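Read through the structure below, which is laid out as structure tokens, and then see the notes.
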Amino acid sequence: MPSESPTPNDQVPLKACVNFAQRLLQTPSMPGEEAAIAALIASEMNSLNFDEVWHDAVGNVHGRIYGRERELPALVLNTHLDHVDPGDPDLWSIDPYSGAIVSGEDGERIAGRGASDIKGPLAVQVYSMAGLRRAGERPRRNVVFSGVVEEEIGGRGAIYWVENLDYEVGLILLGEPSSNELALGHRGMLSVWVTFPGRSVHASVPERGENPNYALASFLRCLDTMQVELGEHPILGKSTVAPTIVEVDTRSKNVTPAWTRVLLDFRTASESPASIRRFIDRVAGELTYTVSAGYESVPLTDSETLLAGFYTPPESEVVRRARAAIAKGMGRTPELSNYRFATDGRHFEPYGLPILGYSPGDEAEAHVAGESISIARMEESLRGHMQLLREF
Ligand SMILES: [Zn+2]
């Protein structure tokens with residue numbers, strides 16, 4: 001640890017934070033089943049002398065500590081409460097709900113489903129607030145911890161929070177895994193069904209019909225070669241498209257389909273719904289097809305607005321100030337980075353709220369069997385968070 005760190009070792013509440021993360025991991029919280037973990041977090045914040053702790057109508061849990069300058073817009077520390085399924089237990093060397101301490105190449109780690117995404121980071125957010133209180137300090141502005149439900153299945157908790165927001169927000173800090181670097185955003189998501197019509201006949205006389213699977217095949221071959229035409233955002237990176245689900249109208253093995261459709265999953269910060277439709281049209285060429293909206297809430301319109309999930313430009317004032325404070329706390333300057341995956345930040349972006357990602361979680365650990373988080377990195381993050389709370 002750097003000697004010039006402004007937070008003495010004994011003021012970083014690492015032990016209690018690790019213990020809290022373990023208890024969070026021992027409390028399963030699949031989407032829609034977050035009540036127990038919300039209650040645990042609320043009782044922890046109450047015992048840590050938060051000024052206000054409350055639940056809302058959809059099961060989100062919130063805690064506020066007043067700042068020295070209460071009139072300033074609040075700093076919000078946001079994480080979700082849910083996690084993905086642990087999957088096949090045989091792929092785990094430990095019980096995924098044990099919160100066991102294991103040793104890795106970089107020292108001790110807490111292991112279990114949700115360690116990096118999102119319970120380790122959640123514990124750091126809560127204990128950075130508690131750490132200041134314990135040191136007899138107040139953050140500069142009001143700080144609100146906001147733990148939201150159902151991020152992994154669409155973001156109902158985040159949407160409810162932002163729609164019902166009744167205080168000013170100066171910055172939302174997402175706890176999604178960023179390895180203690182500063183994430184400026186991520187690409188947006190658009191999923192599109194592309195449907196190819198055919199004429200269904202008995203599979204014994206295929207020449208009498210028109211089998212749409214051949215149209216699909218040539219479409220996918222062209223997509224594979226033409227996807228390089230999709231644009232690139234200078235910070236958020238290259239646009240991608242992945243064909244995922246393929247469906248036909250029939251479940252009979254001896255009937256050729258009346259239609260075939262493929263779901264295209266686009267991730268982009270440089271394309272709009274309209275430019276994606278033009279791209280699909282180029283890929284389809286002479287083929288007959290129709291498009292319809294996939295699973296995401298983003299409508300498939302003619303809008304030319306770019307689809308970025310969220311994006312906070314590197315030259316903005318919040319980036320400069322947050323980066324400087326975190327650097328002082330950690331004793332090293334966080335890199336400016338981006339998320340490959342989508343976050344609840346995309347629900348906040350339309351409201352014009354400044355958003356950044358900063359978290360000790362490791363992106364490579366998210367959603368994998370044997371998920372874990374480095375305790376040393378949690379300590380570094382506690383320092384970064386505490387200094388951000390003091391200065392921002
Ligand atoms: Zn997450």
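How things are named: the first chain in the structure tokens is A, the next is B, and so on; residues count from 1 in each chain; ligands count from 1 in the order shown.
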Test item: residues no farther than 6 Å from ligand 1, counting only C-alpha atoms and all ligand atoms, as number ranges by chain: A: 117-118, 176
Residues within 8 Å of Glu108 (chain A), only C-alpha atoms, excluding chain neighbours under 3 positions, as a PyMOL selection string: chain A and resi 101-104+374-376
All alpha helix (DSSP H) positions in region 42-133 of chain A, as a ChimeraX atom specification: /A:42-47,120-133
All residues 12 Å or closer to Glu137 (chain A), only C-alpha atoms, same chain fewer than 3 positions away omitted, as JSON, numbers by chain: {"A": [7, 11, 65, 66, 67, 68, 128, 129, 130, 131, 132, 133, 134, 140, 141, 386, 387, 389, 390, 391]}
Proximity to Pro212 (chain A) - best of A:Ser146, A:Thr256, A:Thr79, A:Thr240, only C-alpha atoms: A:Thr256
Nearest to Asp249 (chain A), chosen from A:Ala39, A:Val262, A:Leu81, A:Ile326, with only C-alpha atoms counted in the distances: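 The answer is A:Val262, which sits nearest to Asp249 (chain A).
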I want to know what sits within 8 Å of Phe219 (chain A), based on only C-alpha atoms, with residues of the same chain fewer than 6 positions away left out; could you give that as a compact mmCIF listing (two decimals) with C-alpha atoms, in the first residue's frame?
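out.txt was written with the following content:
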```txt
# COMPACT_ATOMS: atom_id res chain seq x y z
CA VAL A 283 -27.21 -8.38 -45.42
CA ALA A 284 -30.53 -9.79 -46.68
CA LEU A 287 -34.06 -12.30 -49.72
```
Nearest to Pro299 (chain A), chosen from A:Gly357, A:Pro273, A:His186, A:Ala111, with only C-alpha atoms counted in the distances: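 Checking each candidate against Pro299 (chain A), we get A:Pro273 as the closest.
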Polymer residues at most 9 Å from Ile355 (chain A), only C-alpha atoms, same-chain spacing of 2 or more positions, as a PyMOL selection string: chain A and resi 170-174+184-185+310-312+318+345+348-349+352-353+357
Produce a file of the selected residues containing C-alpha atoms, as a short mmCIF file (atom, residue, chain, number, x, y, z; two decimals), in the first residue's frame.
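File written: result-v2.cif
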```cif
data_model
loop_
_atom_site.label_atom_id
_atom_site.label_comp_id
_atom_site.auth_asym_id
_atom_site.auth_seq_id
_atom_site.Cartn_x
_atom_site.Cartn_y
_atom_site.Cartn_z
CA GLY A 170 -24.86 14.44 -8.73
CA LEU A 171 -23.37 11.06 -9.63
CA ILE A 172 -24.45 7.42 -9.73
CA LEU A 173 -21.56 5.06 -9.05
CA LEU A 174 -22.33 1.53 -10.28
CA LEU A 184 -17.26 5.36 -18.54
CA GLY A 185 -20.08 3.37 -20.09
CA PHE A 310 -24.66 4.89 -20.97
CA TYR A 311 -21.71 7.09 -21.72
CA THR A 312 -19.92 9.70 -19.63
CA VAL A 318 -17.44 14.36 -12.92
CA GLY A 345 -26.91 2.33 -16.07
CA PHE A 348 -30.60 5.94 -15.78
CA GLU A 349 -29.05 7.39 -18.94
CA GLY A 352 -29.49 12.69 -17.93
CA LEU A 353 -27.95 11.53 -14.64
CA GLY A 357 -18.69 2.38 -12.81
#
```
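Here CA of Ser292 (chain A) is placed at a distance of 15.3 Å from CA of Ser272 (chain A).
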Region 33-36 of chain A surroundings by only C-alpha atoms, 7 Å radius, close-in-sequence under 2 positions cut, as a ChimeraX atom specification: /A:29-31,38-40,59,81-82,149
Selection from above, N, CA, C and O atoms, as a PDB file, in the first residue's frame, can you write it?
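The new file part-v9.pdb reads:
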```pdb
ATOM      1  N   SER A  29     -30.082 -14.935  -3.417  1.00  0.00           N
ATOM      2  CA  SER A  29     -30.987 -13.847  -3.820  1.00  0.00           C
ATOM      3  C   SER A  29     -31.193 -13.873  -5.324  1.00  0.00           C
ATOM      4  O   SER A  29     -30.823 -12.934  -6.025  1.00  0.00           O
ATOM      5  N   MET A  30     -31.780 -14.952  -5.796  1.00  0.00           N
ATOM      6  CA  MET A  30     -32.121 -15.032  -7.213  1.00  0.00           C
ATOM      7  C   MET A  30     -33.150 -13.934  -7.545  1.00  0.00           C
ATOM      8  O   MET A  30     -33.870 -13.475  -6.660  1.00  0.00           O
ATOM      9  N   PRO A  31     -33.205 -13.505  -8.809  1.00  0.00           N
ATOM     10  CA  PRO A  31     -34.156 -12.454  -9.187  1.00  0.00           C
ATOM     11  C   PRO A  31     -35.578 -12.787  -8.712  1.00  0.00           C
ATOM     12  O   PRO A  31     -36.053 -13.907  -8.897  1.00  0.00           O
ATOM     13  N   ALA A  38     -32.331  -8.097   1.221  1.00  0.00           N
ATOM     14  CA  ALA A  38     -32.671  -6.687   1.475  1.00  0.00           C
ATOM     15  C   ALA A  38     -32.810  -6.451   2.982  1.00  0.00           C
ATOM     16  O   ALA A  38     -32.352  -5.425   3.506  1.00  0.00           O
ATOM     17  N   ALA A  39     -33.412  -7.413   3.681  1.00  0.00           N
ATOM     18  CA  ALA A  39     -33.571  -7.286   5.138  1.00  0.00           C
ATOM     19  C   ALA A  39     -32.214  -7.314   5.835  1.00  0.00           C
ATOM     20  O   ALA A  39     -31.961  -6.538   6.772  1.00  0.00           O
ATOM     21  N   LEU A  40     -31.318  -8.192   5.378  1.00  0.00           N
ATOM     22  CA  LEU A  40     -29.969  -8.270   5.953  1.00  0.00           C
ATOM     23  C   LEU A  40     -29.226  -6.934   5.781  1.00  0.00           C
ATOM     24  O   LEU A  40     -28.605  -6.427   6.722  1.00  0.00           O
ATOM     25  N   GLY A  59     -39.223  -3.560  -3.433  1.00  0.00           N
ATOM     26  CA  GLY A  59     -38.285  -4.393  -2.681  1.00  0.00           C
ATOM     27  C   GLY A  59     -36.846  -3.922  -2.726  1.00  0.00           C
ATOM     28  O   GLY A  59     -35.950  -4.602  -2.220  1.00  0.00           O
ATOM     29  N   LEU A  81     -29.228  -6.473  -6.185  1.00  0.00           N
ATOM     30  CA  LEU A  81     -29.267  -7.444  -5.085  1.00  0.00           C
ATOM     31  C   LEU A  81     -29.270  -8.883  -5.578  1.00  0.00           C
ATOM     32  O   LEU A  81     -28.981  -9.799  -4.807  1.00  0.00           O
ATOM     33  N   ASP A  82     -29.596  -9.077  -6.846  1.00  0.00           N
ATOM     34  CA  ASP A  82     -29.770 -10.438  -7.363  1.00  0.00           C
ATOM     35  C   ASP A  82     -28.501 -10.948  -8.043  1.00  0.00           C
ATOM     36  O   ASP A  82     -27.544 -10.195  -8.260  1.00  0.00           O
ATOM     37  N   VAL A 149     -33.522  -4.506  -7.102  1.00  0.00           N
ATOM     38  CA  VAL A 149     -33.886  -5.887  -7.442  1.00  0.00           C
ATOM     39  C   VAL A 149     -33.850  -6.127  -8.955  1.00  0.00           C
ATOM     40  O   VAL A 149     -33.924  -5.190  -9.755  1.00  0.00           O
TER      41      VAL A 149
END
```
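With only C-alpha atoms as the basis for measurement, A:Val18 is the residue among A:Val319, A:Leu182, A:Val18, A:Val58 that approaches Leu382 (chain A) most closely.
The interatomic distance for the pair CA of Val368 (chain A) and CA of Arg113 (chain A) works out to 8.2 Å.
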Interatomic distance (Å, one decimal) between CA of Ala369 (chain A) and CA of Pro86 (chain A): 6.8 Å
Counting only C-alpha atoms, the residue of A:Ala74, A:Leu263, A:Met378, A:Met45 that sits nearest His62 (chain A): A:Met45
Region 44-154 of chain A: residues DSSP assigns to strand (DSSP E or B), reported as number ranges by chain: A: 52-55, 61-65, 74-80, 101-104, 107-111, 143-148
What does the file look like for those residues with C-alpha atoms, as a compact mmCIF listing (two decimals), in the first residue's frame?
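The resulting file, result-v8.txt, is reproduced below:
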```txt
# COMPACT_ATOMS: atom_id res chain seq x y z
CA GLU A 52 -31.90 6.80 7.15
CA VAL A 53 -32.70 3.26 5.99
CA TRP A 54 -35.78 2.36 3.97
CA HIS A 55 -37.36 -0.15 1.60
CA VAL A 61 -33.32 -1.21 -0.09
CA HIS A 62 -31.78 2.22 0.53
CA GLY A 63 -29.57 3.85 3.15
CA ARG A 64 -28.52 7.49 3.46
CA ILE A 65 -25.72 9.23 5.32
CA ALA A 74 -26.38 13.28 -3.73
CA LEU A 75 -23.76 10.68 -4.55
CA VAL A 76 -25.58 7.39 -5.16
CA LEU A 77 -23.81 4.03 -4.73
CA ASN A 78 -25.85 1.58 -6.78
CA THR A 79 -25.67 -2.19 -6.86
CA HIS A 80 -28.22 -4.85 -7.65
CA ILE A 101 -12.22 -17.79 1.95
CA VAL A 102 -9.91 -19.46 -0.56
CA SER A 103 -6.33 -18.68 -1.50
CA GLY A 104 -5.52 -17.52 -5.02
CA GLY A 107 -3.73 -13.73 -1.96
CA GLU A 108 -6.99 -14.51 -0.23
CA ARG A 109 -10.32 -14.36 -2.04
CA ILE A 110 -13.95 -14.70 -1.05
CA ALA A 111 -15.63 -17.33 -3.21
CA VAL A 143 -24.47 9.59 0.06
CA VAL A 144 -27.23 7.10 -0.68
CA PHE A 145 -26.69 3.37 -1.00
CA SER A 146 -29.28 1.99 -3.40
CA GLY A 147 -29.64 -1.80 -3.71
CA VAL A 148 -32.06 -2.70 -6.48
```
